[in-house]
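Notes for the one structure printed next.
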Amino acid sequence: MGQTQEDYYRGVRMVPYDLLKELAIALVGFGVLAILVALFLSSPDVPPVTIATWSQSDPVDFVTTATGELAGTTTSAGYGAPYNSTPDAYQHWGPFAPQAWFGVRIPIDSANAYVIEPLKYASISNSTVGAALSQWQAATADQQAKWLDAYTTALGNATVTNGTVTVASGDYGPLPSMMSGLLGVAQSGGLDGLLVTNGRFYQTDYTQPLLFIGDGGWFAGLAANQHLSGNLWGMMNETGLYPGQTWLWLYTMWYQVPPFTSDTGFLGLNASNADLGIIILMTVLTFLLALVPFIPVLRDIPRWLPIHRLIWRSYYTPQTKASGTAAKPVASSTPPSL
Amino acid sequence: MSVESSRSWTLRARQALDRHLPMDHLLPDRQPYYVGSWVYVFGVVTIAALVWVIVSGVVLSFFGPQWWHISSVGKFVNSLHFWSVQLFFISMVLHLWGQYFMAGWRNGRAATWMIGVFIFGISILTAFTGYLSQQNFDAQFIALNAKDAMNGAGIGAFFDVLNFGQMYGLHVMLLPIGVTFLVVAHIVMVRARGVVKPIDPEGARP
C-alpha cells in the first residue's frame, strides 16, 4: 500500500464513530426482524414426492413412464452425458461442447435401472413376474419393440381399477405382467428403497429416483399446480407465497427472451443450447461486474449520474455563512458503516 | 533492527500488520464527516444478517437435515435461517448498488470491489445448494430443473444437483467457509484503506 490512511484523509474533518455499537444495533435489529418474520410467516415445506405416492396417485402415468424407460423413449433414457452416451445428445456452441467433453460420469441405464433390475427383485417372491421377465429377456429386440409399440399405444386409453392399470386386449407379450409387478413394487414403496439404496446401505445420492420421477408427467403437473413451471421463471420460484431465489432473476430472465427462446437464434445461440449459452452469458456478466473498475463507461456511469450527490448530500451542499462564502458541510448524525 | 530479527518471518509479519492494519484502523472511533449517509448502513446490516444465517445454519446442521421437518423448534430455526438469507441478499444487493453509485473502487479499492462481487457469486451458489438440501418438493423441483443447466454446461459431470449428499456437504461446509473467509478479507481491506472519498465534484477521474 503506497498511501497510508492518514495521508488519504489528511485535511478531512473526522467525527466520532462507534463501529462495534453500530454492529451490535444491526445484529439485534436484524435478529428481532428475522425472528418475528420466522414466527409469523414460517417457511415452505411441501413434502417431497415419492415413487410410491406417484404410482398410487397416477398409476397410468407411472406405467407409461416405466414402459418408456424400457423403450428408451423417456428424457433420461436419451439424455446423453453425464448419464448415458446417446449420440449427439449434448449442447454445444460451435466447437465448445463441455457436456460431451466430460462424457458419462453418472452412468444410468434407464431400462435396467428402472424396470429390469427391480423386476428381478420382485421375481424372487412372484413367479408370474419371474416368468414374464424371462419371456421378455428371451425375446428378440424386434419382438420387444413390437410389444412396446402396441402397449404404449394401448396405455393411451388405459383405465385404473383398484390401483391396477387395465388396457384393451392385444398382443403385448409379457409387458402387462411385468408392469403390473413393477407397479405393485412401486405402490408398496419398494421401488423408492431399491432405487435409492442401489445395492448400498448408506446412501445420499437421489439421482436415479429423481430422474425417474422427472420423466413422468405427474410431477410436472404438481409443479404447474404450484405455479413453478419454467415459463413462470422456473427454479427461481418456490411453493406457496414465499419469495424463492429472487437473486436468480437475471439468470432465469434469459430463458424468457430471444435468442434463447428462438429456434434460429443469434450467433449460434438459440433454444436448443440455451442452458449452455445462458451459463456462458452469466459467467461473462459476472466477470464484467467484477472488472467494472477497469471498464470505461461502466466505471464512469456513477460519475455521470447524480445519485452520488444524494448519497453524499452533506458533502456537495456547502453551508452558506452569513458572509455568503461557501463553507465545509456539516456531518450528518447518521452513523457510518463498513 | 538487527540482522537476525529482520530475518524473522513472524516479526516481519507483525510489523507489516502494524503498518497496514493498526488497531485504530481495524476498530476506528472516528470517521470522515461525509460518511454520514444511510447507504453506508447496508454493509454492516449485511454482516449482521450473515451472522444470523451462520448461527441458525449451525443449529440446523448440528441436528441434521431431517430435524426441521419433524420438530416445531426445528421448523422455527429453519424459518429463521430462511428469512435471514432473504435479509442477507436484500442487504447485500443494496450494498452492491450503493457502492456502484459511489464508485467505491476508486483510489486503489478495485480489489475490495472485486472480492465483493465474488462474495455475491459464491453466496448465490451457497443459497442454491441450500435450496437443494431442503429435502422437500421445492428441492426436487429445483434439482430437476437445474440439472439441465448444469449438464448443458458440462458442470453437471462434477456438480450433481440431484445428489443430496454432495449438495448438503457443499452447503454446510465448503461454501460457508468460502463466503466467511472472503467477507473477512473484504472487511479487512475496507478497514485498512478506509472508506472512499466522495466523487470529485469537478468530475476528475481518480
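Labels used: A, B, ... for chains in the order of the C-alpha cells, numbers from 1 for residues in each chain, and numbers from 1 for ligands as shown.
Residues lying within 7 Å of stretch 76-79 of chain A, counting only C-alpha atoms and ignoring same-chain neighbours fewer than 6 positions away, are Glu69, Thr86, Ala89, Ser110, Leu211 and Asp215 of chain A.
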Residues of stretch 142-256 of chain A that have any atom at most 10 Å from an atom of stretch 46-65 of chain A: could you tabulate them with the shortest-distance atom pair and the distance in Å to one decimal, using only C-alpha atoms, ordered by chain and increasing number, as CSV?
residue,atom,partner,partner_atom,distance
A:Tyr151,CA,A:Thr64,CA,9.0
A:Thr152,CA,A:Thr64,CA,6.8
A:Thr153,CA,A:Thr64,CA,9.6
A:Ala154,CA,A:Thr64,CA,9.8
A:Leu155,CA,A:Thr64,CA,6.6
A:Gly156,CA,A:Thr64,CA,8.5
A:Asn157,CA,A:Val60,CA,9.4
A:Ala158,CA,A:Val60,CA,6.8
A:Thr159,CA,A:Val60,CA,7.5
A:Val160,CA,A:Pro59,CA,7.2
A:Thr161,CA,A:Pro59,CA,9.8
A:Asn162,CA,A:Gln56,CA,9.9
A:Gly163,CA,A:Gln56,CA,6.6
A:Thr164,CA,A:Pro59,CA,7.0
A:Val165,CA,A:Val60,CA,6.2
A:Thr166,CA,A:Val60,CA,8.9
A:Val167,CA,A:Val60,CA,9.9
A:Pro176,CA,A:Val63,CA,9.5
A:Met178,CA,A:Val63,CA,10.0
A:Met179,CA,A:Val63,CA,6.3
A:Ser180,CA,A:Val63,CA,8.3
A:Leu182,CA,A:Val63,CA,8.3
A:Leu183,CA,A:Ser55,CA,6.6
A:Gly184,CA,A:Ser55,CA,8.7
A:Val185,CA,A:Ala52,CA,8.5
A:Ala186,CA,A:Ala52,CA,5.2
A:Gln187,CA,A:Ala52,CA,4.6
A:Ser188,CA,A:Ala52,CA,6.4
A:Gly189,CA,A:Ala52,CA,4.9
A:Gly190,CA,A:Ala52,CA,7.9
A:Leu191,CA,A:Ile51,CA,6.9
A:Asp192,CA,A:Ile51,CA,5.8
A:Gly193,CA,A:Ile51,CA,9.5
A:Leu195,CA,A:Ile51,CA,9.7
A:Pro209,CA,A:Ile51,CA,7.6
A:Leu210,CA,A:Thr50,CA,8.9
A:Phe212,CA,A:Thr65,CA,8.1
A:Ile213,CA,A:Ile51,CA,6.8
A:Gly214,CA,A:Thr65,CA,9.7
A:Asp215,CA,A:Thr65,CA,6.6
A:Gly216,CA,A:Thr65,CA,5.4
A:Gly217,CA,A:Asp61,CA,6.5
A:Trp218,CA,A:Asp61,CA,6.7
A:Phe219,CA,A:Val49,CA,7.7
A:Leu222,CA,A:Val49,CA,9.4
A:Glu238,CA,A:Val46,CA,10.0
A:Thr239,CA,A:Val46,CA,7.3
A:Gly240,CA,A:Val46,CA,8.8
Sorted by chain and rising residue number, which residues of stretch 110-169 of chain B lie within 12 Å of stretch 46-64 of chain B, and what are their closest atom pairs and distances in Å to one decimal, counting only C-alpha atoms, as a tab-separated table?
residue	atom	partner	partner_atom	distance
B:Gly116	CA	B:Thr46	CA	11.7
B:Ile119	CA	B:Thr46	CA	11.6
B:Phe120	CA	B:Thr46	CA	11.2
B:Ser123	CA	B:Leu50	CA	10.2
B:Thr126	CA	B:Val53	CA	11.3
B:Ala127	CA	B:Val53	CA	10.5
B:Gly130	CA	B:Gly57	CA	9.9
B:Ser133	CA	B:Ser61	CA	11.0
B:Gln134	CA	B:Leu60	CA	11.0
B:Gln135	CA	B:Gly64	CA	11.5
B:Tyr168	CA	B:Ser61	CA	9.4
B:Gly169	CA	B:Ser61	CA	10.1
Note to self: If the cut-off is 6 Å, can you tell me the residues of chain A near chain B, counting only C-alpha atoms? I'd like them as a VMD selection string.
What the structure shows: chain A and resid 5 13 to 18 26 to 27 34 to 35 38 42 to 43 46 to 48 82 91 98 to 99 105 204 to 207 235 275 to 276 290 293 302 308 315 331 to 332 334 to 338
Practice task
Could you find all residues in stretch 100-332 of chain A that DSSP calls strand (DSSP E) from the backbone, and write them as a ChimeraX atom specification?
Solution key: /A:159-161,164-166,319-320,326-327
Put those residues in a file: N, CA and C atoms, as an mmCIF file, in the first residue's frame.
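Okay, selection25.cif is ready:
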data_model
loop_
_atom_site.group_PDB
_atom_site.id
_atom_site.type_symbol
_atom_site.label_atom_id
_atom_site.label_comp_id
_atom_site.auth_asym_id
_atom_site.auth_seq_id
_atom_site.Cartn_x
_atom_site.Cartn_y
_atom_site.Cartn_z
ATOM 1 N N THR A 159 -57.320 -47.745 -18.252
ATOM 2 C CA THR A 159 -58.183 -47.399 -17.120
ATOM 3 C C THR A 159 -57.548 -47.956 -15.843
ATOM 4 N N VAL A 160 -58.010 -47.418 -14.724
ATOM 5 C CA VAL A 160 -57.462 -47.843 -13.434
ATOM 6 C C VAL A 160 -58.579 -48.473 -12.607
ATOM 7 N N THR A 161 -58.341 -49.667 -12.132
ATOM 8 C CA THR A 161 -59.308 -50.350 -11.274
ATOM 9 C C THR A 161 -58.583 -50.838 -10.027
ATOM 10 N N THR A 164 -54.866 -50.813 -10.132
ATOM 11 C CA THR A 164 -54.157 -51.536 -11.200
ATOM 12 C C THR A 164 -54.550 -50.954 -12.550
ATOM 13 N N VAL A 165 -53.633 -51.086 -13.511
ATOM 14 C CA VAL A 165 -53.845 -50.495 -14.842
ATOM 15 C C VAL A 165 -54.361 -51.574 -15.791
ATOM 16 N N THR A 166 -55.440 -51.247 -16.501
ATOM 17 C CA THR A 166 -56.028 -52.188 -17.454
ATOM 18 C C THR A 166 -56.021 -51.563 -18.843
ATOM 19 N N GLN A 319 -22.605 24.743 3.301
ATOM 20 C CA GLN A 319 -23.387 25.669 4.096
ATOM 21 C C GLN A 319 -22.985 27.088 3.732
ATOM 22 N N THR A 320 -23.955 27.965 3.691
ATOM 23 C CA THR A 320 -23.661 29.350 3.397
ATOM 24 C C THR A 320 -23.539 30.132 4.688
ATOM 25 N N ALA A 326 -18.878 30.040 0.759
ATOM 26 C CA ALA A 326 -19.137 28.627 0.989
ATOM 27 C C ALA A 326 -18.268 28.100 2.112
ATOM 28 N N ALA A 327 -18.837 27.240 2.897
ATOM 29 C CA ALA A 327 -18.079 26.605 3.979
ATOM 30 C C ALA A 327 -18.201 25.094 3.839
#
Quick one: DSSP helix (DSSP H, G or I) residues in stretch 10-199 of chain B, as a ChimeraX atom specification?
/B:10-20,23-26,33-35,38-63,67-70,72-101,110-132,137-152,155-157,164-193
Please dump the current selection as a tab-separated table (two decimals), in the first residue's frame; keep C-alpha atoms.
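Done, and the output landed in selection_15.tsv:
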chain	number	residue	atom	x	y	z
B	10	THR	CA	6.95	-13.59	12.50
B	11	LEU	CA	8.43	-10.19	13.28
B	12	ARG	CA	8.13	-9.00	9.69
B	13	ALA	CA	4.50	-10.18	9.52
B	14	ARG	CA	3.69	-8.35	12.77
B	15	GLN	CA	5.40	-5.19	11.57
B	16	ALA	CA	3.50	-5.33	8.28
B	17	LEU	CA	0.23	-5.77	10.19
B	18	ASP	CA	1.09	-2.86	12.48
B	19	ARG	CA	1.92	-0.74	9.46
B	20	HIS	CA	-1.08	-1.59	7.25
B	23	MET	CA	-5.93	-1.34	15.68
B	24	ASP	CA	-7.26	2.20	15.25
B	25	HIS	CA	-7.98	1.33	11.61
B	26	LEU	CA	-9.47	-2.06	12.42
B	33	TYR	CA	-17.69	13.52	8.23
B	34	TYR	CA	-19.07	12.62	4.77
B	35	VAL	CA	-19.66	9.02	5.79
B	38	TRP	CA	-27.74	5.62	5.36
B	39	VAL	CA	-26.19	3.94	2.30
B	40	TYR	CA	-23.22	3.02	4.48
B	41	VAL	CA	-25.53	1.06	6.77
B	42	PHE	CA	-26.17	-1.60	4.07
B	43	GLY	CA	-22.69	-3.03	4.58
B	44	VAL	CA	-23.00	-3.55	8.33
B	45	VAL	CA	-26.55	-4.94	8.15
B	46	THR	CA	-25.35	-7.43	5.51
B	47	ILE	CA	-22.80	-8.67	8.04
B	48	ALA	CA	-25.47	-8.77	10.76
B	49	ALA	CA	-27.73	-10.87	8.51
B	50	LEU	CA	-24.80	-13.17	7.68
B	51	VAL	CA	-24.19	-13.73	11.38
B	52	TRP	CA	-27.82	-14.83	11.82
B	53	VAL	CA	-27.57	-17.05	8.73
B	54	ILE	CA	-24.50	-18.76	10.17
B	55	VAL	CA	-25.88	-19.11	13.71
B	56	SER	CA	-29.19	-20.62	12.53
B	57	GLY	CA	-27.34	-22.76	9.98
B	58	VAL	CA	-25.01	-24.18	12.62
B	59	VAL	CA	-28.02	-25.21	14.74
B	60	LEU	CA	-29.71	-26.83	11.72
B	61	SER	CA	-26.59	-28.72	10.70
B	62	PHE	CA	-26.00	-29.90	14.29
B	63	PHE	CA	-29.38	-31.60	14.48
B	67	TRP	CA	-34.78	-32.42	12.14
B	68	TRP	CA	-36.63	-29.36	10.89
B	69	HIS	CA	-39.21	-31.50	9.08
B	70	ILE	CA	-40.33	-33.28	12.26
B	72	SER	CA	-41.61	-27.47	15.62
B	73	VAL	CA	-38.46	-25.96	17.13
B	74	GLY	CA	-36.54	-27.16	14.08
B	75	LYS	CA	-39.14	-25.62	11.78
B	76	PHE	CA	-38.70	-22.29	13.58
B	77	VAL	CA	-34.90	-22.44	13.29
B	78	ASN	CA	-35.25	-23.29	9.61
B	79	SER	CA	-37.60	-20.33	9.17
B	80	LEU	CA	-35.07	-18.11	10.93
B	81	HIS	CA	-32.38	-19.41	8.56
B	82	PHE	CA	-34.66	-18.90	5.56
B	83	TRP	CA	-35.56	-15.29	6.37
B	84	SER	CA	-32.02	-14.40	7.45
B	85	VAL	CA	-30.88	-15.50	3.99
B	86	GLN	CA	-33.53	-13.29	2.40
B	87	LEU	CA	-32.43	-10.33	4.54
B	88	PHE	CA	-28.78	-11.09	3.73
B	89	PHE	CA	-29.41	-10.93	0.00
B	90	ILE	CA	-31.58	-7.81	0.18
B	91	SER	CA	-28.89	-6.02	2.21
B	92	MET	CA	-26.07	-7.28	0.01
B	93	VAL	CA	-27.76	-6.15	-3.22
B	94	LEU	CA	-28.47	-2.71	-1.72
B	95	HIS	CA	-24.83	-2.54	-0.55
B	96	LEU	CA	-23.63	-3.52	-4.03
B	97	TRP	CA	-25.77	-0.90	-5.76
B	98	GLY	CA	-24.78	1.70	-3.18
B	99	GLN	CA	-21.10	1.01	-3.75
B	100	TYR	CA	-21.60	1.11	-7.51
B	101	PHE	CA	-23.18	4.54	-7.46
B	110	ALA	CA	-10.63	-2.21	-7.00
B	111	ALA	CA	-9.65	-5.45	-5.25
B	112	THR	CA	-12.17	-4.73	-2.49
B	113	TRP	CA	-14.91	-4.32	-5.12
B	114	MET	CA	-13.87	-7.49	-6.95
B	115	ILE	CA	-13.88	-9.58	-3.78
B	116	GLY	CA	-17.32	-8.17	-3.01
B	117	VAL	CA	-18.60	-9.36	-6.40
B	118	PHE	CA	-17.17	-12.83	-5.79
B	119	ILE	CA	-18.82	-12.91	-2.35
B	120	PHE	CA	-22.11	-12.18	-4.12
B	121	GLY	CA	-21.49	-15.02	-6.61
B	122	ILE	CA	-20.46	-17.58	-4.00
B	123	SER	CA	-23.39	-16.55	-1.80
B	124	ILE	CA	-25.75	-17.34	-4.68
B	125	LEU	CA	-24.13	-20.76	-5.04
B	126	THR	CA	-24.40	-21.32	-1.28
B	127	ALA	CA	-28.08	-20.41	-1.24
B	128	PHE	CA	-28.65	-22.59	-4.30
B	129	THR	CA	-27.15	-25.65	-2.60
B	130	GLY	CA	-29.24	-24.79	0.45
B	131	TYR	CA	-32.45	-24.88	-1.57
B	132	LEU	CA	-31.32	-28.24	-3.00
B	137	PHE	CA	-40.83	-30.69	-3.03
B	138	ASP	CA	-39.00	-27.43	-3.73
B	139	ALA	CA	-35.65	-29.22	-3.57
B	140	GLN	CA	-36.89	-31.88	-6.00
B	141	PHE	CA	-38.29	-29.31	-8.42
B	142	ILE	CA	-35.21	-27.09	-8.36
B	143	ALA	CA	-32.88	-30.07	-8.78
B	144	LEU	CA	-34.78	-31.45	-11.76
B	145	ASN	CA	-34.80	-28.03	-13.44
B	146	ALA	CA	-31.25	-27.08	-12.58
B	147	LYS	CA	-29.71	-30.33	-13.79
B	148	ASP	CA	-30.26	-29.32	-17.43
B	149	ALA	CA	-28.38	-26.05	-16.98
B	150	MET	CA	-25.54	-27.76	-15.13
B	151	ASN	CA	-25.33	-30.67	-17.56
B	152	GLY	CA	-25.61	-28.47	-20.65
B	155	ILE	CA	-20.74	-28.68	-14.84
B	156	GLY	CA	-23.18	-31.49	-14.01
B	157	ALA	CA	-20.46	-34.08	-14.56
B	164	PHE	CA	-28.22	-34.65	-1.89
B	165	GLY	CA	-25.02	-35.69	-0.10
B	166	GLN	CA	-22.83	-33.60	-2.37
B	167	MET	CA	-25.11	-30.54	-2.21
B	168	TYR	CA	-25.51	-30.76	1.57
B	169	GLY	CA	-21.78	-31.13	2.13
B	170	LEU	CA	-21.04	-28.12	-0.03
B	171	HIS	CA	-23.80	-26.11	1.63
B	172	VAL	CA	-22.86	-26.67	5.26
B	173	MET	CA	-19.08	-26.76	4.92
B	174	LEU	CA	-17.08	-25.62	1.93
B	175	LEU	CA	-19.21	-22.78	0.60
B	176	PRO	CA	-19.90	-21.11	4.00
B	177	ILE	CA	-16.19	-21.25	4.76
B	178	GLY	CA	-15.53	-19.59	1.39
B	179	VAL	CA	-18.10	-16.84	1.99
B	180	THR	CA	-16.88	-16.18	5.53
B	181	PHE	CA	-13.23	-16.08	4.50
B	182	LEU	CA	-13.94	-13.63	1.66
B	183	VAL	CA	-16.17	-11.46	3.87
B	184	VAL	CA	-13.38	-11.21	6.45
B	185	ALA	CA	-10.90	-10.31	3.70
B	186	HIS	CA	-13.37	-7.72	2.33
B	187	ILE	CA	-13.84	-6.10	5.75
B	188	VAL	CA	-10.10	-6.06	6.46
B	189	MET	CA	-9.47	-4.36	3.11
B	190	VAL	CA	-12.15	-1.76	3.82
B	191	ARG	CA	-10.72	-1.09	7.26
B	192	ALA	CA	-7.12	-0.99	6.03
B	193	ARG	CA	-7.79	1.64	3.38
#### Entry: Contacts of A:Trp249 within 9 Å, only C-alpha atoms, excl. fewer than 5 positions in-chain, as a PyMOL selection string
chain A and resi 233+236+254
